[in-house]
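Visitor: Here you go, one structure.
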Amino acid sequence: MALLSMTGFGRASADFAGREYVCEIRTVNHRYLDVRIKLPRNFASGELAVKRLATERLERGRVEVTIQGVGFDEAAMSEISIDENLARAVHDAHRSLAERFSVPLHVDTRTLSSYPGVLRSRAPEVPEEEQGRFTTELVVAALDQLVEMRATEGSKLGDLLGQHLGLLRGFCETVAKAAPSVTAKYRTRLENRIGELLGDNGLEMDEARILHEVGIFAEKADVMEEISRLRAHYEHFERLIQLSDNEAVGRRMDFLCQEILREANTIGSKAQSIDLTECVVGMKAELERLREQVQNVE
């Protein structure tokens, strides 16, 4: 089986420019592909490349991609520079104030550094090409692990979907076996009822009329066309489970669930016996369980 789950996690780490970075990718189920990226400031230019990598490997799900440094904060990554000319000007201004007003001069490094612009911080410059290559390798490694986990979860999903599908087929065949007897039971009830109404009046049943009424009932209660379509849907569903390539089939499975529900509702509206009605209820309950699992398939 090659189903892919939309739930997964991938992690990769590597050193770059003397620092360790970790990439973590988490995915959960979502109707469409929704990629959310969080990168360090000095990696911000690589956001488009990261999104492209994610969209190439994933087709559905909410995807959260995070790259962050380990064991340091962004302040530790920054290079501190001093504007000496500005610091000298600030010091001279303080000295002029002291001389003009005949007060002591108290200027220290804290006083100078607190003035805006004297100290400046910036992230170390890294060649964009090197940064892009590192980001790509890191994200690809995390994606490989993520896809492997999604495939493992997908295999488990395939087994579970197969179990639900088997139960649905059982309900379908039960309806197929019980449906023909519904018309025969209706004819028996109709004949008994007419016989009771005629009583001892000496009147005879009109066999042709009875056959006509039974024929109308049989046409209205016939569910074999719906049964045939259900069988076709189940076969299609099973083929999707058994696909050999890692193709995203979740949307097609969801569509099949809608079609199966449509046929079940039609059978329910035609059901003329308690047994068939209970069987349809069981079928719809099992279909809901199947559909819940389908929501996790990519």
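Just so we're on the same page: first chain in the structure tokens is A, next is B, and so on; residues restart at 1 for each chain, and ligands are numbered from 1 in the order they show up.
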If we count only C-alpha atoms, what is near region 138-150 of chain A at a cut-off of 9 Å, once residues fewer than 2 positions away on the same chain are taken out, given as a PyMOL selection string?
Guide: chain A and resi 3-14+21-27+50+53-54+57-58+65+67+133-136+152-155
Visitor: Check region 25-110 of chain A with DSSP on the backbone and list each residue it calls strand (DSSP E), as a list in words.
Guide: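 Secondary structure check on region 25-110 of chain A, strand (DSSP E): Ile25, Arg26, Thr27, Val28, Leu33, Asp34, Val35, Arg36, Ile37, Lys38, Gly61, Arg62, Val63, Glu64, Val65, Thr66, Ile67, Gln68, Gly69, Glu79, Ile80, Ser81 and Ile82 of chain A.
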Visitor: For a test of reading the model, state the distance in Å between CA of Met224 (chain A) and CA of Gly158 (chain A), rounded to one decimal.
Guide: 28.8 Å
Visitor: Residues within 8 Å of region 290-296 of chain A, please, as a ChimeraX atom specification. Count only C-alpha atoms; anything in the same chain fewer than 2 positions from it doesn't count.
Guide: /A:5-7,28-30,157,160-161,164-165,250,253-254,257,286-288,298
Visitor: Save the residues we just selected, C-alpha atoms, as a short mmCIF file (atom, residue, chain, number, x, y, z; two decimals), in the first residue's frame?
Guide:
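Printed below is again-v1.cif as written:
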```cif
data_model
loop_
_atom_site.label_atom_id
_atom_site.label_comp_id
_atom_site.auth_asym_id
_atom_site.auth_seq_id
_atom_site.Cartn_x
_atom_site.Cartn_y
_atom_site.Cartn_z
CA SER A 5 -1.20 10.31 5.72
CA MET A 6 -1.41 14.07 6.14
CA THR A 7 -0.09 13.75 9.70
CA VAL A 28 -1.77 17.91 9.98
CA ASN A 29 -4.83 17.31 7.85
CA HIS A 30 -6.25 20.18 5.83
CA LEU A 157 -4.60 4.11 7.40
CA LEU A 160 -8.09 0.67 8.65
CA LEU A 161 -9.86 1.86 5.51
CA HIS A 164 -14.32 -0.26 7.09
CA LEU A 165 -14.74 -1.04 3.40
CA GLY A 250 -7.72 11.73 -0.47
CA MET A 253 -11.83 8.99 -1.69
CA ASP A 254 -13.86 11.81 -0.19
CA CYS A 257 -17.80 8.65 0.19
CA GLU A 286 -19.96 2.72 9.04
CA LEU A 287 -19.59 5.13 6.13
CA GLU A 288 -19.18 7.99 8.58
CA GLU A 298 -3.31 13.09 1.44
#
```
Visitor: Choose the residue, out of A:Arg100, A:Val90, A:Met283, A:Ala17, that has the smallest atom-to-atom separation from Pro116 (chain A); count only C-alpha atoms.
Guide: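 Of the candidates, the smallest distance to Pro116 (chain A) is held by A:Val90.
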Visitor: Give me, as a count of residues only, all polymer residues having an atom no more than 12 Å from Thr55 (chain A), counting only C-alpha atoms and skipping those fewer than 3 positions away in the same chain.
Guide: 19
Visitor: Out of A:Glu137, A:His91, A:Glu64, A:Ser96, which residue has the shortest atom-to-atom distance to Thr109 (chain A) when counting only C-alpha atoms?
Guide: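 Closest candidate: A:His91.
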Visitor: Please indicate the distance in Å from CA of Glu263 (chain A) to CA of Gly170 (chain A), rounded to one decimal place.
Guide: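 Between these atoms lies a distance of 15.2 Å.
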Visitor: Check the smallest atom-to-atom distance from each of A:Glu84, A:Glu56, A:Glu225, A:Glu259 to Phe237 (chain A) using only C-alpha atoms, then report the winner.
Guide: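 Closest to Phe237 (chain A) of all the choices is A:Glu259.
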Visitor: Hey, which of A:His233, A:His106, A:Lys177, A:Arg239 ends up closest to His94 (chain A)? Count only C-alpha atoms.
Guide: A:His106
